[in-house]
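Just target17.pdb here, PDB, C-alpha atoms:
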ATOM      1  CA  MET A   1     -14.891  -7.565  15.142
ATOM      2  CA  LYS A   2     -13.573  -8.290  11.644
ATOM      3  CA  LYS A   3     -14.023  -5.924   8.766
ATOM      4  CA  ALA A   4     -12.380  -6.030   5.343
ATOM      5  CA  ILE A   5     -11.364  -2.638   4.027
ATOM      6  CA  ILE A   6      -9.046  -1.197   1.427
ATOM      7  CA  PRO A   7      -5.699  -0.762   3.177
ATOM      8  CA  ILE A   8      -5.532   2.997   3.204
ATOM      9  CA  ALA A   9      -1.998   2.754   4.702
ATOM     10  CA  LEU A  10      -0.778   1.462   1.421
ATOM     11  CA  SER A  11      -1.645   4.864  -0.288
ATOM     12  CA  LEU A  12      -2.282   2.525  -3.133
ATOM     13  CA  LEU A  13      -2.689   5.123  -5.842
ATOM     14  CA  ALA A  14      -0.101   7.746  -4.919
ATOM     15  CA  MET A  15       2.136   8.010  -7.959
ATOM     16  CA  SER A  16       5.836   8.555  -7.508
ATOM     17  CA  CYS A  17       7.076   9.290 -11.022
ATOM     18  CA  GLU A  18      10.244  11.093 -10.047
ATOM     19  CA  PRO A  19      12.894  12.170 -12.563
ATOM     20  CA  THR A  20      14.902   9.231 -13.838
ATOM     21  CA  LEU A  21      18.375   9.391 -15.358
ATOM     22  CA  VAL A  22      18.492   7.172 -18.435
ATOM     23  CA  ALA A  23      21.160   6.789 -21.123
ATOM     24  CA  GLU A  24      18.721   6.514 -24.029
ATOM     25  CA  PHE A  25      15.322   7.841 -23.119
ATOM     26  CA  GLN A  26      12.209   6.025 -24.331
ATOM     27  CA  ASP A  27       8.760   7.393 -23.588
ATOM     28  CA  LYS A  28       7.302   4.578 -21.466
ATOM     29  CA  ALA A  29       4.139   4.252 -19.414
ATOM     30  CA  VAL A  30       4.441   3.866 -15.647
ATOM     31  CA  VAL A  31       1.710   1.686 -14.131
ATOM     32  CA  GLU A  32       0.625   1.631 -10.504
ATOM     33  CA  GLY A  33      -2.312  -0.681  -9.929
ATOM     34  CA  TYR A  34      -3.342  -2.499  -6.765
ATOM     35  CA  LEU A  35      -6.449  -4.673  -7.137
ATOM     36  CA  HIS A  36      -8.184  -5.447  -3.854
ATOM     37  CA  ALA A  37     -10.683  -8.280  -3.537
ATOM     38  CA  GLY A  38     -14.247  -7.004  -3.249
ATOM     39  CA  LYS A  39     -13.386  -3.545  -4.579
ATOM     40  CA  SER A  40     -13.492  -1.888  -7.982
ATOM     41  CA  PRO A  41     -10.262  -1.712  -9.993
ATOM     42  CA  ALA A  42      -8.306   1.521  -9.967
ATOM     43  CA  VAL A  43      -5.095   2.014 -11.922
ATOM     44  CA  LYS A  44      -2.861   5.046 -12.187
ATOM     45  CA  ILE A  45      -0.889   5.687 -15.361
ATOM     46  CA  GLY A  46       2.063   8.036 -15.503
ATOM     47  CA  ARG A  47       4.986   8.540 -17.819
ATOM     48  CA  LEU A  48       8.716   8.194 -17.358
ATOM     49  CA  ILE A  49      10.312  11.574 -16.659
ATOM     50  CA  PRO A  50      14.059  11.918 -17.254
ATOM     51  CA  PHE A  51      16.460  14.508 -15.919
ATOM     52  CA  ARG A  52      17.436  15.436 -19.451
ATOM     53  CA  SER A  53      15.516  18.201 -21.218
ATOM     54  CA  ASP A  54      16.523  17.314 -24.791
ATOM     55  CA  VAL A  55      14.328  14.225 -25.143
ATOM     56  CA  ALA A  56      11.450  13.541 -27.502
ATOM     57  CA  TYR A  57       8.099  12.599 -25.982
ATOM     58  CA  SER A  58       5.299  10.803 -27.754
ATOM     59  CA  GLY A  59       1.954  12.488 -28.234
ATOM     60  CA  GLU A  60       0.298  10.208 -25.656
ATOM     61  CA  GLU A  61      -1.922  11.891 -23.058
ATOM     62  CA  VAL A  62      -2.187   9.963 -19.787
ATOM     63  CA  ASP A  63      -5.853  10.950 -19.423
ATOM     64  CA  GLN A  64      -6.828   9.837 -22.925
ATOM     65  CA  LEU A  65      -5.722   6.211 -22.978
ATOM     66  CA  ILE A  66      -7.774   3.067 -23.595
ATOM     67  CA  VAL A  67      -7.274   1.086 -20.390
ATOM     68  CA  THR A  68      -8.906  -2.311 -19.896
ATOM     69  CA  VAL A  69      -8.775  -4.956 -17.187
ATOM     70  CA  THR A  70      -9.865  -8.455 -18.210
ATOM     71  CA  ASP A  71     -11.011 -11.113 -15.760
ATOM     72  CA  GLU A  72      -9.295 -14.151 -17.253
ATOM     73  CA  SER A  73     -11.441 -16.443 -15.099
ATOM     74  CA  THR A  74     -14.741 -15.245 -16.620
ATOM     75  CA  GLY A  75     -13.777 -13.326 -19.765
ATOM     76  CA  ASP A  76     -15.423 -10.140 -18.465
ATOM     77  CA  VAL A  77     -13.710  -6.922 -19.534
ATOM     78  CA  ALA A  78     -13.723  -3.676 -17.563
ATOM     79  CA  SER A  79     -13.165  -0.497 -19.569
ATOM     80  CA  LEU A  80     -11.649   1.879 -17.069
ATOM     81  CA  ARG A  81     -12.674   5.517 -17.331
ATOM     82  CA  PRO A  82     -10.257   8.423 -16.809
ATOM     83  CA  GLN A  83     -10.742  10.341 -13.567
ATOM     84  CA  GLY A  84      -8.000  12.906 -14.107
ATOM     85  CA  ASN A  85      -4.291  12.961 -13.235
ATOM     86  CA  GLY A  86      -3.795   9.577 -14.867
ATOM     87  CA  LEU A  87      -6.254   7.714 -12.619
ATOM     88  CA  TYR A  88      -8.629   5.184 -14.224
ATOM     89  CA  ARG A  89     -11.579   3.406 -12.569
ATOM     90  CA  ASP A  90     -14.599   1.229 -13.271
ATOM     91  CA  SER A  91     -17.016   1.382 -10.324
ATOM     92  CA  ASN A  92     -19.312  -1.267 -11.868
ATOM     93  CA  PHE A  93     -16.642  -3.965 -11.918
ATOM     94  CA  VAL A  94     -15.805  -5.904  -8.743
ATOM     95  CA  VAL A  95     -12.529  -7.742  -8.232
ATOM     96  CA  GLN A  96     -12.935 -11.363  -7.090
ATOM     97  CA  LYS A  97     -10.560 -13.400  -4.948
ATOM     98  CA  GLY A  98      -8.811 -16.233  -6.763
ATOM     99  CA  HIS A  99      -9.367 -14.657 -10.190
ATOM    100  CA  THR A 100      -6.575 -13.619 -12.546
ATOM    101  CA  TYR A 101      -6.718 -10.147 -14.114
ATOM    102  CA  THR A 102      -4.850  -8.729 -17.099
ATOM    103  CA  LEU A 103      -4.250  -5.025 -17.647
ATOM    104  CA  LYS A 104      -3.818  -3.757 -21.197
ATOM    105  CA  LEU A 105      -3.290  -0.328 -22.712
ATOM    106  CA  PRO A 106      -1.594   1.029 -25.842
ATOM    107  CA  TYR A 107       1.198   3.503 -25.251
ATOM    108  CA  ASN A 108       3.655   4.986 -27.725
ATOM    109  CA  GLY A 109       3.144   2.233 -30.300
ATOM    110  CA  GLU A 110       3.484  -0.626 -27.811
ATOM    111  CA  SER A 111       1.003  -2.786 -25.919
ATOM    112  CA  VAL A 112       1.566  -2.378 -22.194
ATOM    113  CA  THR A 113       0.359  -5.461 -20.322
ATOM    114  CA  ALA A 114       0.479  -6.951 -16.841
ATOM    115  CA  SER A 115      -1.293  -9.784 -15.037
ATOM    116  CA  THR A 116      -1.943 -10.677 -11.421
ATOM    117  CA  THR A 117      -4.001 -13.128  -9.374
ATOM    118  CA  ILE A 118      -6.012 -11.959  -6.382
ATOM    119  CA  PRO A 119      -4.990 -13.971  -3.297
ATOM    120  CA  GLU A 120      -7.408 -15.572  -0.892
ATOM    121  CA  ARG A 121      -8.353 -13.676   2.248
ATOM    122  CA  PRO A 122      -5.936 -14.160   5.159
ATOM    123  CA  GLN A 123      -6.957 -17.064   7.362
ATOM    124  CA  GLY A 124      -6.838 -17.410  11.147
ATOM    125  CA  MET A 125      -6.052 -13.775  11.936
ATOM    126  CA  ALA A 126      -5.921 -13.158  15.693
ATOM    127  CA  LEU A 127      -4.706 -10.523  18.170
ATOM    128  CA  SER A 128      -3.177 -11.476  21.516
ATOM    129  CA  LYS A 129      -4.823  -8.459  23.185
ATOM    130  CA  SER A 130      -7.547  -5.990  22.294
ATOM    131  CA  THR A 131      -6.262  -3.142  24.496
ATOM    132  CA  ILE A 132      -2.781  -1.671  24.762
ATOM    133  CA  SER A 133      -1.940   0.799  27.525
ATOM    134  CA  VAL A 134       0.748   3.386  26.839
ATOM    135  CA  MET A 135       2.061   6.241  28.962
ATOM    136  CA  GLY A 136       3.227   9.268  27.045
ATOM    137  CA  ARG A 137       5.842  11.711  28.257
ATOM    138  CA  PRO A 138       6.927  15.112  26.967
ATOM    139  CA  HIS A 139      10.211  15.444  25.134
ATOM    140  CA  MET A 140      13.191  14.545  27.306
ATOM    141  CA  GLY A 141      16.604  15.281  25.881
ATOM    142  CA  GLY A 142      15.039  15.763  22.466
ATOM    143  CA  MET A 143      13.409  12.315  22.476
ATOM    144  CA  ALA A 144       9.878  11.193  23.238
ATOM    145  CA  LYS A 145       9.618   8.385  25.762
ATOM    146  CA  ALA A 146       6.852   5.936  26.519
ATOM    147  CA  ALA A 147       6.272   3.242  29.085
ATOM    148  CA  ALA A 148       3.432   0.846  29.654
ATOM    149  CA  ASP A 149       2.639  -2.832  29.125
ATOM    150  CA  ARG A 150       5.909  -4.630  28.594
ATOM    151  CA  GLU A 151       4.400  -7.378  26.444
ATOM    152  CA  PRO A 152       3.699  -6.310  22.850
ATOM    153  CA  ALA A 153       0.484  -7.200  21.082
ATOM    154  CA  VAL A 154       0.997 -10.085  18.680
ATOM    155  CA  VAL A 155      -0.834 -10.371  15.366
ATOM    156  CA  SER A 156      -0.927 -13.974  14.151
ATOM    157  CA  TRP A 157      -2.338 -15.802  11.147
ATOM    158  CA  SER A 158      -2.167 -19.082   9.254
ATOM    159  CA  ASN A 159       0.565 -19.236   6.605
ATOM    160  CA  THR A 160       0.995 -22.816   5.454
ATOM    161  CA  ASP A 161       2.231 -21.874   1.959
ATOM    162  CA  ASN A 162       4.823 -19.208   2.906
ATOM    163  CA  SER A 163       2.839 -16.386   1.293
ATOM    164  CA  TYR A 164       3.758 -12.739   1.806
ATOM    165  CA  TYR A 165       1.869 -10.652   4.363
ATOM    166  CA  MET A 166       2.072  -7.097   5.650
ATOM    167  CA  VAL A 167       0.516  -5.563   8.757
ATOM    168  CA  VAL A 168      -0.794  -1.984   8.569
ATOM    169  CA  VAL A 169      -2.094  -0.169  11.660
ATOM    170  CA  GLU A 170      -4.341   2.848  11.239
ATOM    171  CA  ASN A 171      -5.918   5.098  13.874
ATOM    172  CA  THR A 172      -9.640   5.489  13.143
ATOM    173  CA  GLU A 173     -10.442   8.434  15.452
ATOM    174  CA  SER A 174     -11.652  11.612  13.734
ATOM    175  CA  ASN A 175      -9.449  13.743  16.013
ATOM    176  CA  PRO A 176      -6.932  11.420  17.675
ATOM    177  CA  THR A 177      -5.090  12.424  20.843
ATOM    178  CA  SER A 178      -1.317  12.312  20.559
ATOM    179  CA  ILE A 179       0.599  10.128  23.005
ATOM    180  CA  TYR A 180       3.599  12.456  22.951
ATOM    181  CA  ASP A 181       4.161  16.191  23.150
ATOM    182  CA  TRP A 182       5.442  17.401  19.804
ATOM    183  CA  ASP A 183       7.519  20.574  19.445
ATOM    184  CA  ASP A 184       6.001  21.317  16.054
ATOM    185  CA  ASP A 185       2.878  20.122  14.270
ATOM    186  CA  GLU A 186       5.055  19.411  11.266
ATOM    187  CA  ASP A 187       6.855  16.775  13.348
ATOM    188  CA  ARG A 188       3.585  15.078  14.220
ATOM    189  CA  PRO A 189       3.511  11.635  12.579
ATOM    190  CA  LYS A 190       0.680  10.267  10.496
ATOM    191  CA  PRO A 191      -1.882   8.215  12.463
ATOM    192  CA  MET A 192      -0.711   5.083  10.703
ATOM    193  CA  PHE A 193       2.277   2.780  10.460
ATOM    194  CA  ARG A 194       3.157  -0.438   8.673
ATOM    195  CA  MET A 195       5.435  -3.414   9.128
ATOM    196  CA  GLU A 196       7.698  -4.816   6.421
ATOM    197  CA  PRO A 197       6.351  -7.665   4.263
ATOM    198  CA  THR A 198       7.034 -11.058   5.801
ATOM    199  CA  GLN A 199       6.601 -14.751   5.071
ATOM    200  CA  ALA A 200       6.192 -15.479   8.771
ATOM    201  CA  SER A 201       2.887 -16.156  10.520
ATOM    202  CA  SER A 202       2.998 -13.444  13.188
ATOM    203  CA  SER A 203       4.163  -9.902  13.869
ATOM    204  CA  GLN A 204       4.610  -7.883  17.055
ATOM    205  CA  LEU A 205       3.087  -4.454  17.669
ATOM    206  CA  SER A 206       5.260  -2.693  20.228
ATOM    207  CA  GLN A 207       3.878   0.161  22.313
ATOM    208  CA  GLN A 208       6.544   2.475  20.901
ATOM    209  CA  SER A 209       5.079   2.035  17.413
ATOM    210  CA  PHE A 210       1.878   3.889  18.352
ATOM    211  CA  SER A 211       1.719   7.682  18.259
ATOM    212  CA  TYR A 212      -1.949   8.207  19.140
ATOM    213  CA  TYR A 213      -4.511   6.970  21.637
ATOM    214  CA  GLY A 214      -7.843   5.545  20.535
ATOM    215  CA  ARG A 215      -9.156   2.848  18.258
ATOM    216  CA  HIS A 216      -6.946   1.384  15.565
ATOM    217  CA  ASN A 217      -7.594  -0.943  12.672
ATOM    218  CA  VAL A 218      -5.002  -3.689  12.462
ATOM    219  CA  ILE A 219      -5.060  -4.676   8.787
ATOM    220  CA  LEU A 220      -3.447  -7.915   7.651
ATOM    221  CA  ILE A 221      -2.745  -7.814   3.911
ATOM    222  CA  LYS A 222      -1.995 -10.905   1.860
ATOM    223  CA  MET A 223       0.019  -9.926  -1.203
ATOM    224  CA  GLN A 224       1.712 -11.293  -4.250
ATOM    225  CA  PRO A 225       5.534 -11.624  -4.331
ATOM    226  CA  GLU A 226       5.947  -8.741  -6.795
ATOM    227  CA  TYR A 227       4.558  -6.240  -4.291
ATOM    228  CA  ALA A 228       6.748  -7.560  -1.498
ATOM    229  CA  LEU A 229       9.745  -7.254  -3.822
ATOM    230  CA  LEU A 230       8.771  -3.696  -4.784
ATOM    231  CA  TYR A 231       8.388  -2.694  -1.137
ATOM    232  CA  GLN A 232      11.754  -4.180  -0.197
ATOM    233  CA  THR A 233      13.488  -2.580  -3.175
ATOM    234  CA  GLN A 234      12.110   0.853  -2.407
ATOM    235  CA  GLY A 235      13.042   0.445   1.240
ATOM    236  CA  ASN A 236      16.671  -0.363   0.436
ATOM    237  CA  THR A 237      17.254   2.224  -2.302
ATOM    238  CA  SER A 238      16.025   5.593  -3.490
ATOM    239  CA  GLN A 239      14.221   4.012  -6.427
ATOM    240  CA  SER A 240      10.661   5.024  -7.173
ATOM    241  CA  VAL A 241       8.046   2.835  -8.819
ATOM    242  CA  SER A 242       8.851   4.582 -12.112
ATOM    243  CA  GLU A 243      12.289   2.960 -12.107
ATOM    244  CA  ILE A 244      11.205  -0.593 -11.383
ATOM    245  CA  HIS A 245      10.104  -3.379 -13.704
ATOM    246  CA  ALA A 246       7.949  -5.409 -11.323
ATOM    247  CA  ASN A 247       5.607  -7.288 -13.656
ATOM    248  CA  VAL A 248       4.720  -4.772 -16.387
ATOM    249  CA  SER A 249       5.639  -5.590 -19.994
ATOM    250  CA  ASN A 250       6.674  -2.657 -22.230
ATOM    251  CA  GLY A 251       6.493  -0.295 -19.274
ATOM    252  CA  TYR A 252       7.471   0.343 -15.694
ATOM    253  CA  GLY A 253       5.727  -0.082 -12.365
ATOM    254  CA  ILE A 254       3.503  -2.722 -10.837
ATOM    255  CA  PHE A 255       0.072  -4.325 -11.230
ATOM    256  CA  THR A 256      -0.715  -6.603  -8.320
ATOM    257  CA  GLY A 257      -3.498  -8.246  -6.306
ATOM    258  CA  LEU A 258      -4.258  -7.879  -2.593
ATOM    259  CA  ASN A 259      -6.677  -9.247  -0.038
ATOM    260  CA  SER A 260      -7.032  -8.369   3.629
ATOM    261  CA  ASP A 261      -8.683  -8.966   6.975
ATOM    262  CA  THR A 262      -9.052  -6.478   9.821
ATOM    263  CA  LEU A 263      -9.232  -6.566  13.614
ATOM    264  CA  GLN A 264      -9.307  -3.686  16.069
ATOM    265  CA  VAL A 265      -7.171  -2.686  19.017
ATOM    266  CA  SER A 266      -7.582   0.231  21.427
ATOM    267  CA  VAL A 267      -4.652   2.245  22.766
ATOM    268  CA  VAL A 268      -5.398   3.782  26.147
ATOM    269  CA  PRO A 269      -3.407   5.891  28.645
ATOM    270  CA  SER A 270      -1.545   3.895  31.257
ATOM    271  CA  THR A 271      -1.908   4.770  34.930
ATOM    272  CA  GLY A 272       1.714   3.988  35.709
ATOM    273  CA  PHE A 273       4.899   2.216  34.734
TER     274      PHE A 273
END

Output the file's structure in the form of structure tokens.
Amino acid sequence: MKKAIIPIALSLLAMSCEPTLVAEFQDKAVVEGYLHAGKSPAVKIGRLIPFRSDVAYSGEEVDQLIVTVTDESTGDVASLRPQGNGLYRDSNFVVQKGHTYTLKLPYNGESVTASTTIPERPQGMALSKSTISVMGRPHMGGMAKAAADREPAVVSWSNTDNSYYMVVVENTESNPTSIYDWDDDEDRPKPMFRMEPTQASSSQLSQQSFSYYGRHNVILIKMQPEYALLYQTQGNTSQSVSEIHANVSNGYGIFTGLNSDTLQVSVVPSTGF
């Protein structure tokens, strides 16, 4: 069964404006906006925070900005309303696949802008199996072990134009059962994991990647190159989104379009090796 949802695994609006060491500090806006086809736009605005304490900030308040998103394909303009903590939304505006959107807001005497195009929905998504059996074991030598089906599940899709894709897997049970015995609840992983962005047309889901039994959404996200670049940059360095110029003019951060498709897989206990 296919079902398009917002990829929760992305934590699309979790700001990471960590202190940034800069030679000459300028009060700049930090944008984090991920527009998903079929959903309302939501954009988070933060400000650059340096390590230095002797800097001059502008009088801008992140919850009192004029934030608009324009559909360049139709001319429609969404005036996003502040929700608190720098988050802006417009629940009456729906993002359309194939359309180009431009973000605009004034900040510290400059016009902060960014544009993105919403990709088409992934085509030809398929799973090689709908059930994965995994056997969990308690900690052995400080490590959790698992054994089960030796063949991983394969997620595949059509990618004739070498677009970027990412696979996110999310457990949908309200109270999922852990595969492993954990020494401490703080060590217990989140019921979700993701693969790195790829320009391939398939990805493998190994049994060792799963931490919980039950139903899982396998979400295939088609993304623009700027998000893939941001993900790779953050994965290779300690940089946060507040230190990256992805596609935002007169500011930092990212404003990008996404589209997705979803299939389901069940992880069940194995009866043996």

Which of these residues is nearest to A:Val169, using only C-alpha atoms: A:Gln123, A:Thr68, A:Gln96, A:Gln264? A:Gln264

I'd like to know which of A:Asn162, A:Ser203, A:Ser130, A:Thr102 is closest to A:Ser266, using all atoms listed in the file.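 Nearest to A:Ser266: A:Ser130.
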
Counting all atoms listed in the file, which residue out of A:Glu226, A:Glu60, A:Asp184, A:Glu196 sits closest to A:Leu105?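 The shortest atom-to-atom distance to A:Leu105 comes from A:Glu60.
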
Of the candidates A:Ser58, A:Thr116, A:Val43, A:His216, which shows the shortest atom-to-atom distance to A:Arg81, using all atoms listed in the file?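 For A:Arg81, the nearest of the given residues is A:Val43.
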
Quick one: pull the distance between atom CA of A:Glu61 and atom CA of A:Pro41, Å, one decimal. 20.6 Å
